[in-house]
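data01.cif (mmCIF, C-alpha atoms)
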data_input
loop_
_atom_site.label_atom_id
_atom_site.label_comp_id
_atom_site.auth_asym_id
_atom_site.auth_seq_id
_atom_site.Cartn_x
_atom_site.Cartn_y
_atom_site.Cartn_z
CA MET A 1 -98.81 20.65 57.29
CA GLU A 2 -99.03 21.11 53.54
CA VAL A 3 -95.63 22.85 53.54
CA VAL A 4 -94.07 20.00 55.53
CA TRP A 5 -95.66 17.46 53.20
CA ALA A 6 -94.35 19.33 50.12
CA VAL A 7 -90.84 19.52 51.59
CA GLY A 8 -90.98 15.82 52.39
CA GLN A 9 -92.05 15.01 48.85
CA LEU A 10 -89.23 17.11 47.38
CA GLY A 11 -86.73 15.44 49.71
CA ALA A 12 -87.95 11.98 48.72
CA LEU A 13 -87.76 12.91 45.04
CA TRP A 14 -84.23 14.26 45.51
CA VAL A 15 -83.02 11.10 47.24
CA ALA A 16 -84.71 8.89 44.64
CA MET A 17 -83.00 10.77 41.79
CA VAL A 18 -79.62 10.55 43.52
CA LEU A 19 -80.04 6.83 44.17
CA GLY A 20 -81.30 6.03 40.67
CA LEU A 21 -79.02 8.24 38.58
CA ILE A 22 -75.77 8.16 40.60
CA VAL A 23 -75.62 5.67 43.47
CA LEU A 24 -76.97 2.61 41.65
CA PRO A 25 -74.79 3.10 38.52
CA SER A 26 -71.78 3.69 40.83
CA ALA A 27 -72.46 0.47 42.72
CA LEU A 28 -72.65 -1.45 39.45
CA GLY A 29 -69.52 0.21 38.09
CA ILE A 30 -71.25 1.77 35.08
CA SER A 31 -71.66 5.34 33.85
CA LEU A 32 -74.71 7.02 32.37
CA GLY A 33 -72.56 9.71 30.73
CA ILE A 34 -73.61 12.49 33.13
CA SER A 35 -70.08 12.98 34.50
CA GLU A 36 -68.60 13.01 30.99
CA ALA A 37 -71.11 15.65 29.83
CA TYR A 38 -70.42 17.77 32.94
CA MET A 39 -66.65 17.60 32.37
CA TRP A 40 -67.07 18.54 28.68
CA VAL A 41 -69.08 21.65 29.59
CA LEU A 42 -66.60 22.51 32.33
CA VAL A 43 -63.56 22.20 30.05
CA LYS A 44 -65.19 24.34 27.36
CA THR A 45 -66.11 27.00 29.92
CA LEU A 46 -62.59 27.18 31.34
CA GLU A 47 -61.11 27.35 27.83
CA TRP A 48 -63.42 30.27 27.01
CA ALA A 49 -62.45 32.01 30.27
CA THR A 50 -58.76 31.57 29.46
CA ILE A 51 -59.24 33.21 26.05
CA ARG A 52 -61.07 36.13 27.68
CA LEU A 53 -58.24 36.49 30.18
CA GLN A 54 -55.65 36.61 27.42
CA LYS A 55 -57.62 39.26 25.54
CA GLY A 56 -58.00 41.32 28.71
CA ALA A 57 -54.27 41.04 29.39
CA LYS A 58 -53.43 42.36 25.90
CA LYS A 59 -55.73 45.37 26.34
CA ARG A 60 -54.21 46.29 29.71
CA GLN A 61 -50.58 45.62 28.81
CA PRO A 62 -49.76 49.16 27.51
CA GLN A 63 -51.12 50.67 30.73
CA MET A 64 -48.89 48.54 32.98
CA PRO A 65 -45.49 49.95 33.99
CA GLN A 66 -42.67 48.28 32.12
CA THR A 67 -40.30 47.38 34.93
CA PRO A 68 -37.96 44.40 35.15
CA THR A 69 -39.78 43.11 38.26
CA ALA A 70 -43.34 43.48 36.92
CA ASN A 71 -43.81 39.74 36.78
CA GLY A 72 -42.79 39.27 40.40
CA ILE A 73 -40.24 36.57 39.57
CA ILE A 74 -36.99 36.47 41.52
CA GLU A 75 -34.11 35.43 39.31
CA ARG A 76 -31.44 33.33 40.95
CA ASP A 77 -28.05 32.16 39.93
CA GLU A 78 -28.11 28.35 39.90
CA THR A 79 -24.32 27.99 39.95
CA PRO A 80 -23.20 25.27 42.41
CA MET A 81 -22.05 26.57 45.78
CA GLU A 82 -18.60 25.01 45.45
CA LYS A 83 -17.98 26.82 42.16
CA GLU A 84 -19.14 30.20 43.48
CA ILE A 85 -16.95 29.94 46.56
CA ALA A 86 -13.98 28.98 44.38
CA LEU A 87 -14.50 32.15 42.32
CA LEU A 88 -14.88 34.30 45.42
CA HIS A 89 -11.73 33.11 47.14
CA ARG A 90 -9.06 33.43 44.52
CA ALA A 91 -7.34 35.83 46.91
CA ASP A 92 -7.06 35.90 50.70
CA PHE A 93 -10.18 36.10 52.77
CA GLU A 94 -11.98 39.43 52.80
CA PHE A 95 -14.91 40.53 54.89
CA SER A 96 -17.04 41.04 51.78
CA HIS A 97 -16.93 37.29 51.11
CA ILE A 98 -19.63 36.73 53.71
CA PHE A 99 -22.10 38.48 51.39
CA TYR A 100 -22.41 35.24 49.43
CA PHE A 101 -23.83 33.45 52.48
CA CYS A 102 -26.03 36.45 53.30
CA ARG A 103 -27.51 36.36 49.80
CA LYS A 104 -28.18 32.63 50.01
CA GLY A 105 -29.80 33.12 53.39
CA PHE A 106 -32.10 35.86 52.11
CA GLU A 107 -33.08 33.72 49.13
CA ALA A 108 -33.93 30.83 51.43
CA ILE A 109 -36.08 33.08 53.63
CA VAL A 110 -37.95 34.59 50.68
CA GLU A 111 -38.70 31.26 49.00
CA ASP A 112 -36.94 28.03 49.88
CA GLU A 113 -37.64 24.73 48.15
CA VAL A 114 -39.16 23.11 51.23
CA THR A 115 -41.81 25.45 52.66
CA GLN A 116 -43.22 26.32 49.24
CA ARG A 117 -44.15 22.61 48.91
CA PHE A 118 -46.58 23.11 51.80
CA SER A 119 -48.69 25.74 50.01
CA SER A 120 -51.00 25.35 47.03
CA GLU A 121 -49.32 25.21 43.64
CA GLU A 122 -49.70 28.15 41.28
CA LEU A 123 -52.15 27.84 38.38
CA LEU A 124 -51.33 28.74 34.80
CA SER A 125 -54.82 30.14 34.28
CA TRP A 126 -57.74 31.29 36.42
CA ASN A 127 -60.20 28.45 37.10
CA LEU A 128 -63.12 30.69 38.21
CA LEU A 129 -63.08 29.27 41.74
CA THR A 130 -61.75 32.40 43.43
CA ARG A 131 -63.35 35.84 43.29
CA THR A 132 -60.91 37.32 40.77
CA ASN A 133 -57.84 36.53 38.80
CA VAL A 134 -54.61 37.17 40.73
CA ASN A 135 -53.47 39.79 38.21
CA PHE A 136 -56.69 41.81 37.83
CA HIS A 137 -59.41 42.81 40.28
CA TYR A 138 -61.87 43.24 37.41
CA ILE A 139 -61.62 41.65 33.96
CA SER A 140 -64.93 41.78 32.14
CA LEU A 141 -68.67 41.72 32.75
CA ARG A 142 -69.02 38.34 31.03
CA LEU A 143 -66.44 36.65 33.25
CA THR A 144 -68.04 38.18 36.34
CA VAL A 145 -71.46 36.82 35.31
CA VAL A 146 -69.97 33.38 34.65
CA TRP A 147 -68.26 33.42 38.05
CA VAL A 148 -71.55 34.32 39.79
CA ILE A 149 -73.35 31.50 37.95
CA GLY A 150 -70.53 29.16 38.97
CA VAL A 151 -70.95 30.13 42.65
CA ILE A 152 -74.68 29.38 42.46
CA VAL A 153 -74.07 26.02 40.77
CA ARG A 154 -71.31 24.97 43.15
CA TYR A 155 -72.96 25.98 46.42
CA CYS A 156 -76.66 25.51 45.62
CA PHE A 157 -76.51 22.33 43.52
CA LEU A 158 -73.15 20.56 43.65
CA LEU A 159 -72.60 20.99 47.41
CA PRO A 160 -75.99 19.49 48.46
CA LEU A 161 -75.60 16.71 45.88
CA ARG A 162 -72.10 15.84 47.03
CA PHE A 163 -73.07 16.02 50.70
CA THR A 164 -75.95 13.61 50.03
CA LEU A 165 -73.66 11.20 48.17
CA ALA A 166 -71.02 11.39 50.91
CA ALA A 167 -73.63 10.65 53.58
CA ILE A 168 -74.91 7.67 51.58
CA GLY A 169 -71.38 6.38 50.98
CA ILE A 170 -70.27 6.69 54.62
CA THR A 171 -73.50 5.21 55.98
CA SER A 172 -73.28 2.32 53.52
CA MET A 173 -69.66 1.72 54.53
CA ILE A 174 -70.49 1.56 58.25
CA VAL A 175 -73.62 -0.58 57.86
CA GLY A 176 -72.14 -2.87 55.19
CA THR A 177 -68.84 -3.60 56.96
CA THR A 178 -70.61 -4.10 60.30
CA ALA A 179 -72.94 -6.66 58.73
CA VAL A 180 -70.14 -8.46 56.91
CA GLY A 181 -68.07 -8.44 60.08
CA GLN A 182 -70.63 -10.69 61.78
CA LEU A 183 -69.87 -13.53 59.35
CA PRO A 184 -67.27 -16.20 60.20
CA ASN A 185 -63.88 -15.89 58.52
CA SER A 186 -64.11 -17.44 55.07
CA SER A 187 -63.62 -16.70 51.40
CA VAL A 188 -67.26 -15.55 51.22
CA LYS A 189 -66.65 -12.96 53.95
CA ASN A 190 -63.52 -11.69 52.16
CA TYR A 191 -65.42 -11.42 48.87
CA LEU A 192 -68.35 -9.53 50.43
CA SER A 193 -65.93 -7.23 52.27
CA GLU A 194 -64.22 -6.31 49.00
CA VAL A 195 -67.59 -5.70 47.33
CA VAL A 196 -68.68 -3.35 50.15
CA HIS A 197 -65.39 -1.42 50.12
CA LEU A 198 -65.34 -1.03 46.32
CA THR A 199 -69.00 -0.01 46.13
CA CYS A 200 -68.74 2.60 48.88
CA SER A 201 -65.47 3.99 47.47
CA ARG A 202 -67.11 4.45 44.08
CA ILE A 203 -69.98 6.36 45.67
CA LEU A 204 -67.53 8.58 47.57
CA VAL A 205 -65.59 9.29 44.37
CA ARG A 206 -68.86 10.39 42.74
CA ALA A 207 -69.36 12.65 45.78
CA LEU A 208 -66.14 14.41 44.72
CA SER A 209 -67.14 14.52 41.03
CA GLY A 210 -64.01 12.46 40.57
CA THR A 211 -62.60 11.69 37.14
CA ILE A 212 -59.71 9.27 37.58
CA HIS A 213 -57.52 7.80 34.86
CA TYR A 214 -55.75 4.57 35.87
CA HIS A 215 -52.70 3.54 33.85
CA ASN A 216 -50.82 0.21 33.63
CA LYS A 217 -53.45 -1.78 35.52
CA GLU A 218 -51.43 -4.95 35.01
CA ASN A 219 -49.12 -3.63 37.77
CA ARG A 220 -51.87 -3.24 40.38
CA PRO A 221 -50.78 -4.26 43.92
CA GLN A 222 -51.30 -7.91 44.78
CA LYS A 223 -52.17 -9.59 48.08
CA GLY A 224 -49.28 -9.97 50.48
CA GLY A 225 -47.55 -6.86 49.14
CA ILE A 226 -47.11 -3.23 50.16
CA CYS A 227 -48.48 -0.37 48.08
CA VAL A 228 -46.62 2.94 48.55
CA ALA A 229 -47.71 6.21 46.96
CA ASN A 230 -46.97 9.92 47.12
CA HIS A 231 -49.31 11.83 49.42
CA THR A 232 -51.25 14.96 48.47
CA SER A 233 -54.58 14.66 50.22
CA PRO A 234 -56.63 12.51 52.63
CA ILE A 235 -58.72 11.52 49.60
CA ASP A 236 -55.70 9.69 48.12
CA ALA A 237 -56.94 6.53 49.84
CA ILE A 238 -60.40 6.88 48.26
CA ILE A 239 -58.84 7.46 44.85
CA LEU A 240 -56.92 4.18 45.12
CA THR A 241 -59.64 2.07 46.75
CA ASN A 242 -61.96 3.06 43.90
CA ASP A 243 -59.94 0.64 41.74
CA GLY A 244 -58.97 -2.03 44.27
CA CYS A 245 -59.11 -3.01 47.93
CA TYR A 246 -56.34 -2.32 50.43
CA ALA A 247 -55.63 -2.82 54.11
CA MET A 248 -55.16 0.61 55.69
CA VAL A 249 -52.52 1.48 58.27
CA GLY A 250 -52.98 4.35 60.70
CA GLN A 251 -53.66 5.69 64.13
CA VAL A 252 -56.93 5.10 65.97
CA HIS A 253 -59.17 8.19 65.86
CA GLY A 254 -62.30 9.30 67.65
CA GLY A 255 -65.56 10.76 66.35
CA LEU A 256 -66.91 9.78 62.95
CA MET A 257 -63.52 8.55 61.76
CA GLY A 258 -63.30 6.27 64.79
CA ILE A 259 -66.74 4.80 64.03
CA ILE A 260 -65.65 4.07 60.46
CA GLN A 261 -62.41 2.47 61.66
CA ARG A 262 -64.14 0.21 64.16
CA ALA A 263 -66.70 -0.88 61.57
CA THR A 264 -64.29 -1.55 58.71
CA VAL A 265 -61.77 -3.49 60.80
CA LYS A 266 -64.47 -6.10 61.52
CA ALA A 267 -64.75 -6.94 57.83
CA CYS A 268 -61.21 -6.26 56.60
CA PRO A 269 -57.79 -6.76 58.26
CA HIS A 270 -56.88 -3.07 58.55
CA VAL A 271 -54.00 -2.26 60.90
CA TRP A 272 -54.99 0.44 63.40
CA PHE A 273 -52.62 1.53 66.19
CA GLU A 274 -53.31 3.28 69.46
CA ARG A 275 -51.48 6.57 70.03
CA SER A 276 -49.08 4.88 72.48
CA GLU A 277 -48.44 1.93 70.15
CA ILE A 278 -47.62 3.91 67.02
CA LYS A 279 -44.54 5.38 68.73
CA ASP A 280 -43.16 1.86 69.22
CA ARG A 281 -41.33 1.14 65.96
CA HIS A 282 -40.69 -2.50 66.83
CA LEU A 283 -44.37 -3.17 67.53
CA VAL A 284 -45.45 -1.44 64.30
CA THR A 285 -42.89 -3.36 62.24
CA LYS A 286 -43.89 -6.66 63.85
CA ARG A 287 -47.60 -6.25 63.09
CA LEU A 288 -46.94 -5.14 59.51
CA ARG A 289 -44.59 -8.08 58.90
CA GLU A 290 -47.24 -10.48 60.20
CA HIS A 291 -49.74 -8.97 57.80
CA VAL A 292 -47.41 -9.16 54.78
CA ALA A 293 -46.45 -12.76 55.62
CA ASP A 294 -50.08 -13.82 55.08
CA LYS A 295 -50.46 -13.92 51.29
CA SER A 296 -54.24 -14.14 51.59
CA LYS A 297 -54.52 -10.66 53.10
CA LEU A 298 -55.01 -7.48 51.09
CA PRO A 299 -51.97 -5.36 50.19
CA ILE A 300 -51.10 -2.71 52.77
CA LEU A 301 -51.49 0.92 51.64
CA ILE A 302 -48.83 3.26 53.04
CA PHE A 303 -47.90 6.88 52.33
CA PRO A 304 -44.21 6.98 53.34
CA GLU A 305 -43.90 10.79 53.24
CA GLY A 306 -46.01 10.97 56.39
CA THR A 307 -47.61 14.30 55.42
CA CYS A 308 -49.37 15.94 52.48
CA ILE A 309 -47.22 17.63 49.80
CA ASN A 310 -48.67 20.10 47.30
CA ASN A 311 -48.88 17.91 44.17
CA THR A 312 -45.63 19.26 42.71
CA SER A 313 -43.00 17.20 44.53
CA VAL A 314 -42.13 13.99 46.33
CA MET A 315 -40.24 14.40 49.59
CA MET A 316 -38.27 11.96 51.72
CA PHE A 317 -39.80 8.51 52.24
CA LYS A 318 -39.60 7.19 55.79
CA LYS A 319 -37.54 4.00 55.78
CA GLY A 320 -39.85 2.03 58.09
CA SER A 321 -42.11 0.90 55.24
CA PHE A 322 -39.12 -0.54 53.42
CA GLU A 323 -37.71 -2.53 56.35
CA ILE A 324 -40.71 -4.85 56.52
CA GLY A 325 -39.73 -6.97 53.53
CA GLY A 326 -41.96 -8.28 50.78
CA THR A 327 -42.77 -6.77 47.41
CA ILE A 328 -43.27 -3.01 47.04
CA TYR A 329 -45.85 -1.79 44.53
CA PRO A 330 -45.15 1.90 43.78
CA VAL A 331 -48.04 4.14 42.71
CA ALA A 332 -47.81 7.70 41.41
CA ILE A 333 -50.76 10.08 41.88
CA LYS A 334 -50.96 13.42 40.07
CA TYR A 335 -53.96 15.75 40.38
CA ASP A 336 -55.04 18.32 37.79
CA PRO A 337 -55.24 21.61 39.76
CA GLN A 338 -57.27 23.33 37.04
CA PHE A 339 -60.52 21.80 38.33
CA GLY A 340 -59.84 21.93 42.07
CA ASP A 341 -56.98 22.01 44.55
CA ALA A 342 -56.77 18.59 46.20
CA PHE A 343 -53.82 19.50 48.43
CA TRP A 344 -54.59 19.67 52.16
CA ASN A 345 -52.58 22.34 53.92
CA SER A 346 -53.28 21.09 57.45
CA SER A 347 -51.40 24.06 58.93
CA LYS A 348 -53.90 26.46 57.34
CA TYR A 349 -57.19 24.53 57.09
CA ASN A 350 -58.83 22.08 59.47
CA ILE A 351 -60.44 18.97 58.01
CA VAL A 352 -63.94 20.54 57.90
CA SER A 353 -62.74 23.62 56.00
CA TYR A 354 -60.73 21.42 53.65
CA LEU A 355 -63.68 19.15 52.85
CA LEU A 356 -65.86 22.21 52.23
CA ARG A 357 -63.30 23.50 49.71
CA ILE A 358 -63.19 20.10 48.03
CA MET A 359 -66.98 19.79 47.93
CA THR A 360 -67.32 23.25 46.35
CA SER A 361 -64.62 22.83 43.71
CA TRP A 362 -65.49 21.99 40.11
CA ALA A 363 -64.24 18.42 40.22
CA ILE A 364 -61.34 16.19 41.28
CA VAL A 365 -59.40 15.04 38.24
CA CYS A 366 -56.25 12.95 38.56
CA ASN A 367 -54.03 10.34 36.94
CA VAL A 368 -52.88 7.19 38.74
CA TRP A 369 -49.94 5.16 37.44
CA TYR A 370 -49.25 1.64 38.71
CA LEU A 371 -45.51 1.05 38.47
CA PRO A 372 -43.83 -2.37 38.13
CA PRO A 373 -43.28 -4.10 41.50
CA MET A 374 -39.91 -3.58 43.18
CA VAL A 375 -37.97 -5.66 45.69
CA ARG A 376 -35.04 -4.74 47.87
CA LYS A 377 -31.63 -5.71 46.47
CA GLU A 378 -29.10 -7.63 48.54
CA ASP A 379 -26.64 -4.72 48.66
CA GLU A 380 -29.33 -2.12 49.49
CA ASP A 381 -30.27 -0.80 52.89
CA ALA A 382 -33.77 0.46 53.66
CA VAL A 383 -32.89 4.11 52.96
CA GLN A 384 -31.42 3.36 49.52
CA PHE A 385 -34.42 1.21 48.63
CA ALA A 386 -36.81 3.97 49.73
CA ASN A 387 -34.93 6.52 47.61
CA ARG A 388 -35.06 4.22 44.57
CA VAL A 389 -38.83 3.78 44.91
CA ARG A 390 -39.30 7.52 45.44
CA SER A 391 -37.31 8.32 42.29
CA ALA A 392 -39.47 5.95 40.24
CA ILE A 393 -42.67 7.58 41.51
CA ALA A 394 -41.33 11.10 40.89
CA ARG A 395 -40.29 10.31 37.31
CA GLN A 396 -43.62 8.71 36.41
CA GLY A 397 -45.75 11.43 37.99
CA GLY A 398 -43.70 14.33 36.64
CA LEU A 399 -42.94 15.43 40.21
CA THR A 400 -39.84 17.12 41.63
CA GLU A 401 -37.78 14.83 43.85
CA LEU A 402 -36.60 16.43 47.09
CA PRO A 403 -34.45 14.83 49.83
CA TRP A 404 -36.06 16.84 52.64
CA ASP A 405 -38.16 15.35 55.42
CA GLY A 406 -41.85 16.28 55.18
CA GLY A 407 -41.81 16.57 58.97
CA LEU A 408 -40.33 20.06 58.47
CA LYS A 409 -43.92 21.10 57.77
CA ARG A 410 -44.41 21.32 61.54
CA ALA A 411 -41.00 20.72 63.16
CA LYS A 412 -37.82 22.77 63.17
CA VAL A 413 -34.63 21.69 61.45
CA LYS A 414 -32.55 19.45 63.71
CA ASP A 415 -29.36 20.95 65.15
CA THR A 416 -27.35 18.01 63.83
CA PHE A 417 -28.39 18.87 60.28
CA LYS A 418 -27.36 22.51 60.76
CA GLU A 419 -23.98 21.40 62.11
CA GLU A 420 -23.50 19.12 59.09
CA GLN A 421 -24.07 22.04 56.72
CA GLN A 422 -21.67 24.22 58.73
CA LYS A 423 -19.01 21.54 58.42
CA ASN A 424 -19.53 21.40 54.65
CA TYR A 425 -19.11 25.19 54.40
CA SER A 426 -15.93 25.13 56.46
CA LYS A 427 -14.46 22.29 54.37
CA MET A 428 -15.06 24.26 51.16
CA LEU A 429 -13.49 27.38 52.65
CA VAL A 430 -10.39 25.46 53.72
CA ARG A 431 -10.16 23.65 50.37
CA ASN A 432 -10.26 26.96 48.50
CA GLY A 433 -7.45 28.46 50.57
CA SER A 434 -9.50 31.05 52.43
CA VAL A 435 -8.68 29.69 55.86
CA GLY A 436 -5.26 28.69 57.11
#
Rewritten as structure tokens:
Amino acid sequence: MEVVWAVGQLGALWVAMVLGLIVLPSALGISLGISEAYMWVLVKTLEWATIRLQKGAKKRQPQMPQTPTANGIIERDETPMEKEIALLHRADFEFSHIFYFCRKGFEAIVEDEVTQRFSSEELLSWNLLTRTNVNFHYISLRLTVVWVIGVIVRYCFLLPLRFTLAAIGITSMIVGTTAVGQLPNSSVKNYLSEVVHLTCSRILVRALSGTIHYHNKENRPQKGGICVANHTSPIDAIILTNDGCYAMVGQVHGGLMGIIQRATVKACPHVWFERSEIKDRHLVTKRLREHVADKSKLPILIFPEGTCINNTSVMMFKKGSFEIGGTIYPVAIKYDPQFGDAFWNSSKYNIVSYLLRIMTSWAIVCNVWYLPPMVRKEDEDAVQFANRVRSAIARQGGLTELPWDGGLKRAKVKDTFKEEQQKNYSKMLVRNGSVG
């Protein structure tokens, strides 16, 4: 009994410390400086580790074989395809001319610009999260000791702390929105709903050890508008709702996510679709237009890419979000991978494994830029408008802009697209005098 009593006392003390030092300041929107001190120690530690890595690399450099491919980088000729084919076909067609297409095919198989966007981006320096640096299996005793200490801190202190905060945040969200949902529709209900959402989002951000820098707050999305952002992780929504309230759009889920959806929709006009409904484009567009038409409702938050991209690029925006009408508020999100990889590779990790990786990383650090609102021009169709918004987000976030559909993450390339490329090849061959 004494052991049980002691464990109970420690648990009560732990919860009291979490509530007093983290949850309460988060709810009030203030900081006690604990996160800032933690980030300062973390930055200094990673800087020291980087210096040790550089010294270790210099000591081992003479022992490494000096070969042109030691760095593992594949050099490619970036000459445009039209120019290369023109150089190849100065004379009549020869069988050796097909080697150009063979080389391009091999390059695409080894590393094309689409599939590499669905794997974690490469780091410039080791962040002590993995067992060893990618270049060396063993570097130094000091770095090994620091890594072991980091494992103990991340799994024995940070993980329980973050799990406790996440449980408090989720429970508060469910209880708070359910209680607010019982009130009649009024300005008071809307105000309390926003308070609950902001408070719980702040707690959840603390559960991620989140350090977020918001820029150009004068451009924050307004009611009756549509907020569109690039998509890296499921936590993108938490990152944005930490600074403002939004109406979410998505498919109805089961389990814990379904409980959260059913609770939050009572207090806030989120737009949830059944699996059968979300395939009906006309129904989706109609409900979203009705939401945007009501200027008293919160701005809709949409991720037009439809899938998570690895924090280096912005891929094709689906045009549906830009056919609704209304004002578009673009937002660019860029994570700092040095402190933790926020990208969710859903093909490799399930949601539980992903959240465990997030909870055991050093921190989630990112920048959020609110861009000036944009409206569709008279001579623009939905696709052109979507591309213009995507370009603005890519420029601001320092991301590569790619025209490919993020659906290629799971689906095969359509036959019509292959045929279009084949037609382009044949036109260039004919134009350069190789055929006919």
ask   = What lies within 12 Å of Thr400 of chain A using only C-alpha atoms, ignoring chain neighbours under 2 positions off, as a list of chain:residue names?
value = A:Glu113, A:Val114, A:Arg117, A:Asn230, A:Ile309, A:Asn310, A:Asn311, A:Thr312, A:Ser313, A:Val314, A:Met315, A:Met316, A:Lys334, A:Arg390, A:Ser391, A:Ala392, A:Ile393, A:Ala394, A:Arg395, A:Gln396, A:Gly397, A:Gly398, A:Leu402, A:Pro403, A:Trp404
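Take atom CA of Phe343 of chain A and atom CA of Thr285 of chain A: the distance between them is 28.9 Å.
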query = Contacts of segment 194-205 of chain A at 10 Å or less, counting only C-alpha atoms, minus same-chain residues fewer than 6 places along, as JSON, numbers by chain?
reply = {"A": [22, 23, 24, 25, 26, 27, 28, 29, 162, 163, 165, 166, 167, 168, 169, 170, 171, 172, 173, 174, 175, 176, 177, 180, 188, 211, 212, 235, 237, 238, 239, 240, 241, 242, 243, 244, 245, 246, 264, 267, 268, 298, 364]}
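Each of A:Val43, A:Ala386, A:Leu301, A:Ile358 was compared to Pro221 of chain A using only C-alpha atoms, and A:Leu301 turns out to be the nearest.
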inquiry  = Between atom CA of Leu13 of chain A and atom CA of Thr164 of chain A, what distance in Å does the model show, to one decimal?
reply    = 12.8 Å
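Checking A:Val389, A:Leu399, A:Cys308, A:Leu159 one by one against Ala363 of chain A, counting all atoms listed in the file, you find the shortest gap at A:Leu159.
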request  = Go through A:Ser233, A:Asn216, A:Gln384, A:Ser140 one by one, measure the shortest atom-to-atom distance of each to Lys55 of chain A using only C-alpha atoms, and give the residue with the smallest value.
outcome  = A:Ser140
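Distance check against Ile351 of chain A using all atoms listed in the file: of A:Val153, A:Leu21, A:Val265, A:Met257, the minimum falls on A:Met257.
A straight line drawn from atom CA of Ser296 of chain A to atom CA of Gly224 of chain A is 6.6 Å long.
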key: Hits of the PyMOL selection byres ((chain A and resi 143-151) around 9) in this structure, as a PyMOL selection string   = chain A and resi 45+49+52-53+128-132+138-142+152-156+360+362
Work out where the centre of an axis-aligned box around every listed atom of segment 161-173 of chain A lies and how long its edges are once 6 Å is added on each side; give both in Å to one decimal as JSON.
{"center_x": -72.8, "center_y": 9.2, "center_z": 50.9, "size_x": 18.3, "size_y": 27.0, "size_z": 22.1}
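Evaluated against the shown file, the PyMOL selection byres ((chain A and resi 323) around 9) gives Thr285, Lys319, Gly320, Ser321, Phe322, Ile324, Gly325, Asp381, Ala382 and Val383 of chain A.
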Given the point (-48.8, -5.8, 55.9) in the coordinates of this file, which residues lie within 10 Å, counting only C-alpha atoms, and how would they look as a JSON list (two decimals) with C-alpha atoms, in the coordinates of the input?
[["chain", "number", "residue", "atom", "x", "y", "z"],
["A", 223, "LYS", "CA", -52.17, -9.59, 48.08],
["A", 224, "GLY", "CA", -49.28, -9.97, 50.48],
["A", 225, "GLY", "CA", -47.55, -6.86, 49.14],
["A", 226, "ILE", "CA", -47.11, -3.23, 50.16],
["A", 227, "CYS", "CA", -48.48, -0.37, 48.08],
["A", 246, "TYR", "CA", -56.34, -2.32, 50.43],
["A", 247, "ALA", "CA", -55.63, -2.82, 54.11],
["A", 248, "MET", "CA", -55.16, 0.61, 55.69],
["A", 249, "VAL", "CA", -52.52, 1.48, 58.27],
["A", 269, "PRO", "CA", -57.79, -6.76, 58.26],
["A", 270, "HIS", "CA", -56.88, -3.07, 58.55],
["A", 271, "VAL", "CA", -54.00, -2.26, 60.90],
["A", 285, "THR", "CA", -42.89, -3.36, 62.24],
["A", 286, "LYS", "CA", -43.89, -6.66, 63.85],
["A", 287, "ARG", "CA", -47.60, -6.25, 63.09],
["A", 288, "LEU", "CA", -46.94, -5.14, 59.51],
["A", 289, "ARG", "CA", -44.59, -8.08, 58.90],
["A", 290, "GLU", "CA", -47.24, -10.48, 60.20],
["A", 291, "HIS", "CA", -49.74, -8.97, 57.80],
["A", 292, "VAL", "CA", -47.41, -9.16, 54.78],
["A", 293, "ALA", "CA", -46.45, -12.76, 55.62],
["A", 294, "ASP", "CA", -50.08, -13.82, 55.08],
["A", 295, "LYS", "CA", -50.46, -13.92, 51.29],
["A", 297, "LYS", "CA", -54.52, -10.66, 53.10],
["A", 298, "LEU", "CA", -55.01, -7.48, 51.09],
["A", 299, "PRO", "CA", -51.97, -5.36, 50.19],
["A", 300, "ILE", "CA", -51.10, -2.71, 52.77],
["A", 301, "LEU", "CA", -51.49, 0.92, 51.64],
["A", 302, "ILE", "CA", -48.83, 3.26, 53.04],
["A", 321, "SER", "CA", -42.11, 0.90, 55.24],
["A", 324, "ILE", "CA", -40.71, -4.85, 56.52],
["A", 325, "GLY", "CA", -39.73, -6.97, 53.53],
["A", 326, "GLY", "CA", -41.96, -8.28, 50.78]]
